[in-house]
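Source file: input00.cif. Holds: mmCIF, C-alpha atoms.
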data_upload
loop_
_atom_site.label_atom_id
_atom_site.label_comp_id
_atom_site.auth_asym_id
_atom_site.auth_seq_id
_atom_site.Cartn_x
_atom_site.Cartn_y
_atom_site.Cartn_z
CA HIS A 1080 40.53 -29.55 30.53
CA VAL A 1081 39.10 -26.25 29.34
CA ALA A 1082 41.26 -24.07 27.11
CA MET A 1083 41.36 -20.54 28.50
CA VAL A 1084 40.44 -17.55 26.36
CA ASN A 1085 43.80 -15.85 26.52
CA LYS A 1086 46.57 -18.35 26.89
CA ARG A 1087 49.53 -16.92 28.73
CA GLU A 1088 53.11 -17.18 27.56
CA SER A 1089 54.97 -20.09 28.98
CA ALA A 1090 57.97 -19.67 31.22
CA LYS A 1091 60.11 -21.04 28.44
CA LYS A 1092 59.21 -18.10 26.23
CA LEU A 1093 59.71 -15.70 29.10
CA ARG A 1094 63.23 -16.93 29.70
CA ALA A 1095 64.16 -15.98 26.16
CA LYS A 1096 63.30 -12.34 26.85
CA THR A 1097 65.65 -9.66 28.06
CA LYS A 1098 65.37 -7.92 31.41
CA SER A 1099 63.76 -4.76 30.01
CA GLU A 1100 61.29 -6.80 27.99
CA LEU A 1101 60.31 -8.68 31.12
CA GLU A 1102 59.89 -5.42 33.04
CA LYS A 1103 57.62 -4.10 30.32
CA GLN A 1104 55.65 -7.33 30.30
CA LEU A 1105 55.27 -7.06 34.05
CA THR A 1106 53.79 -3.56 33.94
CA ASP A 1107 51.49 -4.58 31.11
CA LEU A 1108 50.23 -7.55 33.08
CA LYS A 1109 49.75 -5.42 36.18
CA GLN A 1110 47.77 -2.88 34.16
CA GLU A 1111 45.62 -5.67 32.85
CA LEU A 1112 45.06 -6.96 36.35
CA SER A 1113 43.97 -3.55 37.60
CA THR A 1114 41.39 -3.22 34.81
CA LEU A 1115 40.15 -6.72 35.56
CA ARG A 1116 39.76 -5.82 39.22
CA VAL A 1117 37.70 -2.78 38.22
CA ALA A 1118 35.58 -5.08 36.08
CA LYS A 1119 35.09 -7.33 39.08
CA VAL A 1120 33.75 -4.42 41.11
CA THR A 1121 31.49 -3.11 38.33
CA GLY A 1122 30.06 -6.55 37.60
CA GLY A 1123 32.17 -7.79 34.71
CA ALA A 1124 31.63 -10.76 32.43
CA ALA A 1125 32.51 -14.21 33.74
CA SER A 1126 35.33 -14.48 31.21
CA LYS A 1127 36.93 -11.38 32.67
CA LEU A 1128 36.66 -12.70 36.17
CA ALA A 1129 38.25 -15.96 35.12
CA GLN A 1130 41.11 -13.99 33.57
CA ILE A 1131 42.11 -12.61 36.94
CA ARG A 1132 43.66 -15.85 38.07
CA LEU A 1133 45.52 -16.30 34.79
CA VAL A 1134 46.97 -12.82 34.94
CA ARG A 1135 47.99 -13.19 38.58
CA LYS A 1136 49.82 -16.39 37.81
CA SER A 1137 51.46 -14.82 34.76
CA ILE A 1138 52.75 -11.99 36.93
CA ALA A 1139 54.13 -14.57 39.30
CA ARG A 1140 55.78 -16.36 36.40
CA VAL A 1141 57.47 -13.16 35.20
CA HIS A 1142 58.70 -12.44 38.72
CA THR A 1143 60.06 -15.95 39.03
CA VAL A 1144 61.90 -15.83 35.73
CA THR A 1145 63.26 -12.36 36.45
CA HIS A 1146 64.48 -13.39 39.84
CA GLN A 1147 66.06 -16.58 38.58
CA GLN A 1148 67.88 -14.69 35.84
CA GLN A 1149 69.13 -12.07 38.25
CA LYS A 1150 70.36 -14.69 40.69
CA GLU A 1151 72.14 -16.55 37.94
CA HIS A 1152 73.88 -13.36 36.80
CA LEU A 1153 74.90 -12.56 40.34
CA ARG A 1154 76.34 -16.01 40.88
CA ARG A 1155 78.43 -15.59 37.77
CA PHE A 1156 79.44 -12.10 38.86
CA HIS A 1157 80.59 -13.31 42.29
CA LYS A 1158 82.12 -16.47 40.95
CA ASN A 1159 85.69 -15.77 41.98
CA ALA A 1160 84.91 -13.81 45.12
CA LYS A 1161 86.48 -14.90 48.36
CA GLN A 1162 83.32 -14.30 50.33
CA LEU A 1163 79.92 -14.65 48.72
CA PRO A 1164 76.87 -12.67 49.71
CA LYS A 1165 74.95 -14.69 52.25
CA ASP A 1166 72.01 -15.54 50.06
CA LEU A 1167 74.33 -17.05 47.46
CA ARG A 1168 75.93 -19.37 49.96
CA ALA A 1169 74.69 -22.89 50.58
CA LYS A 1170 71.62 -22.81 52.79
CA LYS A 1171 71.76 -26.29 54.42
CA THR A 1172 70.82 -25.74 58.08
CA ARG A 1173 72.22 -23.43 60.71
CA ALA A 1174 73.87 -26.32 62.52
CA LEU A 1175 75.37 -27.78 59.37
CA ARG A 1176 76.80 -24.43 58.37
CA ARG A 1177 78.59 -24.23 61.70
CA ALA A 1178 79.76 -27.83 61.65
CA LEU A 1179 83.36 -28.81 61.04
CA THR A 1180 84.34 -29.07 57.43
CA PRO A 1181 85.18 -32.60 56.27
CA ARG A 1182 88.82 -31.63 56.26
CA GLU A 1183 88.66 -30.31 59.79
CA ALA A 1184 86.74 -33.33 60.98
CA GLY A 1185 89.21 -35.77 59.48
CA ALA A 1186 92.28 -33.96 60.75
CA THR A 1187 94.55 -36.04 62.95
CA SER A 1188 97.52 -35.11 65.03
CA ALA A 1189 100.98 -36.26 64.12
CA LYS A 1190 100.94 -38.55 67.14
CA GLN A 1191 97.70 -40.16 65.99
CA GLN A 1192 99.08 -40.63 62.51
CA ARG A 1193 102.20 -42.31 63.82
CA LYS A 1194 100.12 -44.66 65.93
CA ALA A 1195 97.85 -45.51 63.02
CA ARG A 1196 100.82 -46.26 60.85
CA ALA A 1197 102.54 -48.33 63.49
CA PHE A 1198 99.50 -50.26 64.64
CA PRO A 1199 97.05 -50.59 61.79
CA MET A 1200 93.87 -52.59 62.10
CA ARG A 1201 94.93 -56.10 61.24
CA ARG A 1202 92.84 -58.42 59.21
CA PHE A 1203 92.98 -62.10 59.75
CA ALA A 1204 91.44 -64.96 57.87
CA VAL A 1205 91.10 -68.57 58.69
CA LYS A 1206 92.57 -70.84 56.09
CA ALA A 1207 89.92 -73.12 54.76
CA LEU B 1214 118.15 9.51 90.26
CA LYS B 1215 115.71 11.27 88.04
CA ALA B 1216 117.87 10.44 85.09
CA LYS B 1217 117.91 6.77 86.08
CA GLY B 1218 114.18 6.86 86.52
CA GLN B 1219 113.81 8.27 83.06
CA GLN B 1220 116.16 5.69 81.68
CA LEU B 1221 114.01 2.91 83.04
CA LYS B 1222 110.80 4.43 81.80
CA GLY B 1223 112.25 5.29 78.47
CA THR B 1224 111.94 8.63 76.80
CA GLN B 1225 108.22 9.02 77.50
CA GLN B 1226 107.32 12.21 79.23
CA LEU B 1227 105.44 11.98 82.47
CA ARG B 1228 101.98 13.28 81.96
CA LYS B 1229 100.24 15.52 84.36
CA ARG B 1230 96.88 14.41 85.65
CA LYS B 1231 94.15 16.08 83.61
CA ILE B 1232 92.16 18.62 85.59
CA ARG B 1233 88.48 17.69 85.52
CA THR B 1234 86.11 20.56 86.17
CA THR B 1235 82.82 18.62 86.19
CA PRO B 1236 81.77 15.38 87.86
CA ARG B 1237 80.47 14.10 84.48
CA PHE B 1238 82.51 11.75 82.40
CA LYS B 1239 81.69 11.52 78.72
CA ARG B 1240 83.23 8.83 76.56
CA PRO B 1241 85.68 10.55 74.23
CA GLU B 1242 84.69 10.46 70.60
CA THR B 1243 86.55 7.86 68.63
CA TYR B 1244 87.13 7.54 64.94
CA ARG B 1245 84.26 5.75 63.26
CA PRO B 1246 85.02 4.91 59.65
CA PRO B 1247 82.17 4.61 57.22
CA ARG B 1248 81.04 1.09 56.35
CA ALA B 1249 83.12 -0.65 53.70
CA PRO B 1250 81.81 -4.20 53.62
CA LYS B 1251 83.94 -6.94 52.16
CA TYR B 1252 80.88 -8.59 50.76
CA ALA B 1253 77.27 -7.59 50.29
CA ARG B 1254 75.03 -9.32 52.80
CA ARG B 1255 72.22 -9.52 50.28
CA SER B 1256 73.24 -10.02 46.70
CA LEU B 1257 70.06 -8.33 45.48
CA PRO B 1258 68.28 -5.40 47.10
CA ARG B 1259 64.70 -6.20 47.97
CA ARG B 1260 62.23 -5.21 45.30
CA ASN B 1261 59.62 -2.66 46.30
CA ALA B 1262 56.65 -4.72 47.40
CA LEU B 1263 54.37 -1.70 47.66
CA ASP B 1264 54.33 -0.34 44.12
CA ALA B 1265 51.54 1.77 42.64
CA PHE B 1266 49.70 -1.29 41.37
CA LYS B 1267 49.80 -2.94 44.76
CA ILE B 1268 48.66 0.20 46.56
CA MET B 1269 45.58 0.92 44.45
CA GLN B 1270 43.53 -2.21 44.63
CA TYR B 1271 40.19 -1.21 43.12
CA PRO B 1272 37.82 1.74 43.00
CA LEU B 1273 34.57 1.70 44.93
CA THR B 1274 31.33 1.93 42.99
CA THR B 1275 28.86 2.30 45.83
CA GLU B 1276 26.12 4.91 45.83
CA SER B 1277 27.96 7.15 48.25
CA SER B 1278 31.16 6.92 46.24
CA MET B 1279 29.22 7.82 43.08
CA LYS B 1280 27.87 10.82 44.92
CA LYS B 1281 31.40 11.85 45.79
CA ILE B 1282 32.48 11.58 42.18
CA GLU B 1283 29.70 13.84 40.96
CA GLU B 1284 29.46 16.36 43.74
CA GLN B 1285 32.86 16.62 45.32
CA ASN B 1286 35.25 15.73 42.54
CA THR B 1287 36.70 12.84 44.50
CA LEU B 1288 37.36 9.25 43.63
CA VAL B 1289 37.06 6.52 46.20
CA PHE B 1290 39.46 3.59 46.19
CA ILE B 1291 40.22 0.59 48.26
CA VAL B 1292 43.94 0.78 48.87
CA ASP B 1293 46.50 -1.39 50.54
CA LYS B 1294 46.34 -1.11 54.30
CA ARG B 1295 50.03 -0.20 54.49
CA ALA B 1296 49.72 2.70 52.05
CA SER B 1297 50.10 6.20 53.44
CA LYS B 1298 48.46 9.31 52.06
CA PRO B 1299 51.54 10.56 50.22
CA LEU B 1300 52.04 7.11 48.74
CA ILE B 1301 48.43 7.05 47.59
CA LYS B 1302 48.85 10.46 46.01
CA ASP B 1303 51.88 9.28 44.05
CA ALA B 1304 50.21 6.04 43.06
CA VAL B 1305 47.17 7.82 41.71
CA LYS B 1306 49.42 10.13 39.74
CA LYS B 1307 51.36 7.24 38.30
CA LEU B 1308 48.41 5.06 37.38
CA TYR B 1309 45.79 7.51 36.22
CA ASP B 1310 47.82 10.64 35.45
CA ILE B 1311 45.79 12.81 37.81
CA GLN B 1312 46.81 15.31 40.44
CA ALA B 1313 45.21 14.75 43.82
CA SER B 1314 44.63 17.88 45.86
CA LYS B 1315 44.14 15.85 49.03
CA VAL B 1316 43.69 12.30 50.24
CA ASN B 1317 41.61 11.16 53.19
CA THR B 1318 41.85 7.63 54.41
CA LEU B 1319 40.04 5.41 56.80
CA ILE B 1320 40.21 1.75 57.69
CA ARG B 1321 36.93 -0.04 57.21
CA PRO B 1322 35.59 -2.42 59.79
CA ASP B 1323 36.42 -5.32 57.49
CA GLY B 1324 40.08 -4.33 57.60
CA LEU B 1325 40.40 -2.69 54.20
CA LYS B 1326 41.65 0.84 53.77
CA LYS B 1327 39.44 3.28 51.91
CA ALA B 1328 40.97 6.36 50.33
CA TYR B 1329 39.01 9.41 49.28
CA VAL B 1330 41.13 11.04 46.63
CA LYS B 1331 40.06 14.61 45.98
CA LEU B 1332 41.20 15.69 42.56
CA SER B 1333 42.55 19.13 41.81
CA ALA B 1334 40.24 21.54 40.04
CA GLU B 1335 41.80 20.91 36.63
CA HIS B 1336 40.54 17.32 36.64
CA ASP B 1337 36.95 16.19 36.43
CA ALA B 1338 36.28 13.12 38.52
CA LEU B 1339 33.47 12.03 36.24
CA ASP B 1340 35.74 11.96 33.20
CA VAL B 1341 38.42 10.09 35.04
CA ALA B 1342 35.87 7.61 36.37
CA ASN B 1343 34.65 6.99 32.84
CA LYS B 1344 38.20 6.44 31.69
CA ILE B 1345 38.95 3.99 34.50
CA GLY B 1346 35.72 2.15 33.85
CA ILE B 1347 33.78 2.88 37.02
CA ILE B 1348 30.96 4.74 35.28
#

Write-out of the structure in structure tokens:
Amino acid sequence: HVAMVNKRESAKKLRAKTKSELEKQLTDLKQELSTLRVAKVTGGAASKLAQIRLVRKSIARVHTVTHQQQKEHLRRFHKNAKQLPKDLRAKKTRALRRALTPREAGATSAKQQRKARAFPMRRFAVKA
Amino acid sequence: LKAKGQQLKGTQQLRKRKIRTTPRFKRPETYRPPRAPKYARRSLPRRNALDAFKIMQYPLTTESSMKKIEEQNTLVFIVDKRASKPLIKDAVKKLYDIQASKVNTLIRPDGLKKAYVKLSAEHDALDVANKIGII
């Protein structure tokens, strides 16, 4: 378990940042990555080459946190909407989305209800 | 009789058959309102996947590219295969603050796109290369 030279910020610390701070962090990381890539081409030190992976994953982390925050805000924004945007709706599967709702599936006609009430399933027991 | 006929049909006037002067029939234009969606299909617009950093991948430091830097005031980059010349021009401006006078591209046999970025006369490719770190 080797400790890396530059330890990246954890996602926990990223979540505490504001949107503009995250944007700035993103561009900084991308700048760093571009210089590291130049170093790779011009024969950089091994430490620099090892950094590339760290920086790439940090960029991914920032993207993830940004996206999660945005989604959360949007869900709150659309909370009382009658129709949600499609990516905020439950994903499930295509078939499940088109299936009858539990209410629709359990709906019975008046005739059926009368029958059920008149002729319920009887339960019998044998006296010991 | 006519009055009775009109009574039955109501007060609508009888229309004359329209005189058509050509054998063509073109669908009449109908009212098309602009889109006013009741909900956004995507809650978030897609983020630009091809930003300046993604376009410019790395500069080339081969002998021929060094020659280009010194003699023809051009920098040579490997760029994203989906980048077009105008996009490359903008990316170079954004990343390195330089004005490209023209960009030539080619796709290498290994599938990567190479861009020859000729700088305008006010920039010196050698200085810029030093700044980037190509040397």

Please indicate the distance in Å from CA of Arg1182 (chain A) to CA of Asn1159 (chain A), rounded to one decimal place.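 About the pair CA of Arg1182 (chain A) and CA of Asn1159 (chain A): they are 21.6 Å apart.
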
Run through the PyMOL selection byres ((chain A) within 12 of (chain B)) on the given coordinates and return the selected residues as a PyMOL selection string. chain A and resi 1105-1123+1138+1142+1145-1157+1160-1168

Evaluate the PyMOL selection byres ((chain B and resi 1281) around 12) and report residues as a PyMOL selection string: chain B and resi 1273-1280+1282-1290+1328-1332+1337-1339+1342

Could you state which residues are captured by the PyMOL selection byres ((chain B and resi 1313-1316) around 9) in this file, as an NGL selection string? :B and (1287 or 1298-1299 or 1301-1303 or 1305-1306 or 1311-1312 or 1317-1318 or 1328-1334 or 1336)

Point-to-point distance from CA of Arg1094 (chain A) to CA of Ala1139 (chain A), Å rounded to tenths: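 Distance between the two atoms: 13.4 Å.
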
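One distance worth recording is that between CA of Ser1188 (chain A) and CA of Thr1172 (chain A), which is 29.1 Å.
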
How big is the axis-aligned box around the listed atoms of region 1284-1288 of chain B once 6 Å is added on each side, and where is its centre? Give both in Å to one decimal, as lines of an AutoDock Vina configuration file.
center_x = 33.4
center_y = 12.9
center_z = 43.9
size_x = 19.9
size_y = 19.4
size_z = 14.8

With a distance cut-off of 8 Å and all atoms listed in the file, select the neighbouring residues of region 1130-1132 of chain A, excluding the residue or stretch itself and same-chain residues fewer than 2 positions from it, and output the selection as number ranges by chain. A: 1085, 1112, 1115-1116, 1126-1128, 1134-1136

What would region 1120-1131 of chain A look like with all heavy atoms restored, written as an mmCIF file, in the frame of the given file?
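Result file follows (part.cif):
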data_model
loop_
_atom_site.group_PDB
_atom_site.id
_atom_site.type_symbol
_atom_site.label_atom_id
_atom_site.label_comp_id
_atom_site.auth_asym_id
_atom_site.auth_seq_id
_atom_site.Cartn_x
_atom_site.Cartn_y
_atom_site.Cartn_z
ATOM 1 N N VAL A 1120 34.561 -5.266 40.231
ATOM 2 C CA VAL A 1120 33.750 -4.420 41.110
ATOM 3 C C VAL A 1120 32.504 -3.923 40.391
ATOM 4 O O VAL A 1120 31.429 -3.810 40.975
ATOM 5 C CB VAL A 1120 34.596 -3.228 41.611
ATOM 6 C CG1 VAL A 1120 33.742 -2.298 42.424
ATOM 7 C CG2 VAL A 1120 35.748 -3.726 42.443
ATOM 8 N N THR A 1121 32.639 -3.638 39.073
ATOM 9 C CA THR A 1121 31.490 -3.110 38.330
ATOM 10 C C THR A 1121 30.686 -4.222 37.675
ATOM 11 O O THR A 1121 29.913 -3.978 36.766
ATOM 12 C CB THR A 1121 31.959 -2.134 37.244
ATOM 13 O OG1 THR A 1121 32.856 -2.830 36.366
ATOM 14 C CG2 THR A 1121 32.674 -0.952 37.833
ATOM 15 N N GLY A 1122 30.874 -5.462 38.129
ATOM 16 C CA GLY A 1122 30.060 -6.550 37.600
ATOM 17 C C GLY A 1122 30.465 -6.946 36.197
ATOM 18 O O GLY A 1122 29.689 -6.793 35.260
ATOM 19 N N GLY A 1123 31.687 -7.449 36.044
ATOM 20 C CA GLY A 1123 32.170 -7.790 34.710
ATOM 21 C C GLY A 1123 31.698 -9.159 34.263
ATOM 22 O O GLY A 1123 31.078 -9.911 35.010
ATOM 23 N N ALA A 1124 32.013 -9.464 32.991
ATOM 24 C CA ALA A 1124 31.630 -10.760 32.430
ATOM 25 C C ALA A 1124 32.416 -11.866 33.102
ATOM 26 O O ALA A 1124 33.499 -11.650 33.645
ATOM 27 C CB ALA A 1124 31.893 -10.768 30.923
ATOM 28 N N ALA A 1125 31.871 -13.073 33.051
ATOM 29 C CA ALA A 1125 32.510 -14.210 33.740
ATOM 30 C C ALA A 1125 33.888 -14.484 33.155
ATOM 31 O O ALA A 1125 34.807 -14.896 33.868
ATOM 32 C CB ALA A 1125 31.633 -15.447 33.621
ATOM 33 N N SER A 1126 34.038 -14.225 31.839
ATOM 34 C CA SER A 1126 35.330 -14.480 31.210
ATOM 35 C C SER A 1126 36.396 -13.570 31.805
ATOM 36 O O SER A 1126 37.535 -13.980 32.024
ATOM 37 C CB SER A 1126 35.228 -14.250 29.703
ATOM 38 O OG SER A 1126 34.825 -12.928 29.452
ATOM 39 N N LYS A 1127 35.964 -12.322 32.080
ATOM 40 C CA LYS A 1127 36.930 -11.380 32.670
ATOM 41 C C LYS A 1127 37.330 -11.825 34.070
ATOM 42 O O LYS A 1127 38.495 -11.731 34.455
ATOM 43 C CB LYS A 1127 36.311 -9.976 32.739
ATOM 44 C CG LYS A 1127 36.414 -9.219 31.447
ATOM 45 C CD LYS A 1127 36.290 -7.724 31.676
ATOM 46 C CE LYS A 1127 36.428 -7.003 30.351
ATOM 47 N NZ LYS A 1127 35.897 -5.649 30.429
ATOM 48 N N LEU A 1128 36.346 -12.286 34.800
ATOM 49 C CA LEU A 1128 36.660 -12.700 36.170
ATOM 50 C C LEU A 1128 37.571 -13.909 36.169
ATOM 51 O O LEU A 1128 38.449 -14.048 37.011
ATOM 52 C CB LEU A 1128 35.372 -13.002 36.937
ATOM 53 C CG LEU A 1128 34.393 -11.832 37.071
ATOM 54 C CD1 LEU A 1128 33.242 -12.210 37.978
ATOM 55 C CD2 LEU A 1128 35.086 -10.601 37.621
ATOM 56 N N ALA A 1129 37.383 -14.793 35.193
ATOM 57 C CA ALA A 1129 38.250 -15.960 35.120
ATOM 58 C C ALA A 1129 39.666 -15.559 34.736
ATOM 59 O O ALA A 1129 40.633 -16.218 35.131
ATOM 60 C CB ALA A 1129 37.694 -16.953 34.087
ATOM 61 N N GLN A 1130 39.792 -14.468 33.992
ATOM 62 C CA GLN A 1130 41.110 -13.990 33.570
ATOM 63 C C GLN A 1130 41.992 -13.596 34.738
ATOM 64 O O GLN A 1130 43.214 -13.671 34.649
ATOM 65 C CB GLN A 1130 40.939 -12.746 32.678
ATOM 66 C CG GLN A 1130 40.779 -13.027 31.223
ATOM 67 C CD GLN A 1130 42.080 -13.389 30.580
ATOM 68 O OE1 GLN A 1130 42.547 -14.515 30.732
ATOM 69 N NE2 GLN A 1130 42.673 -12.456 29.885
ATOM 70 N N ILE A 1131 41.325 -13.159 35.811
ATOM 71 C CA ILE A 1131 42.110 -12.610 36.940
ATOM 72 C C ILE A 1131 43.150 -13.605 37.397
ATOM 73 O O ILE A 1131 44.324 -13.278 37.587
ATOM 74 C CB ILE A 1131 41.185 -12.212 38.103
ATOM 75 C CG1 ILE A 1131 40.426 -10.932 37.743
ATOM 76 C CG2 ILE A 1131 41.979 -11.979 39.366
ATOM 77 C CD1 ILE A 1131 39.549 -10.420 38.846
#
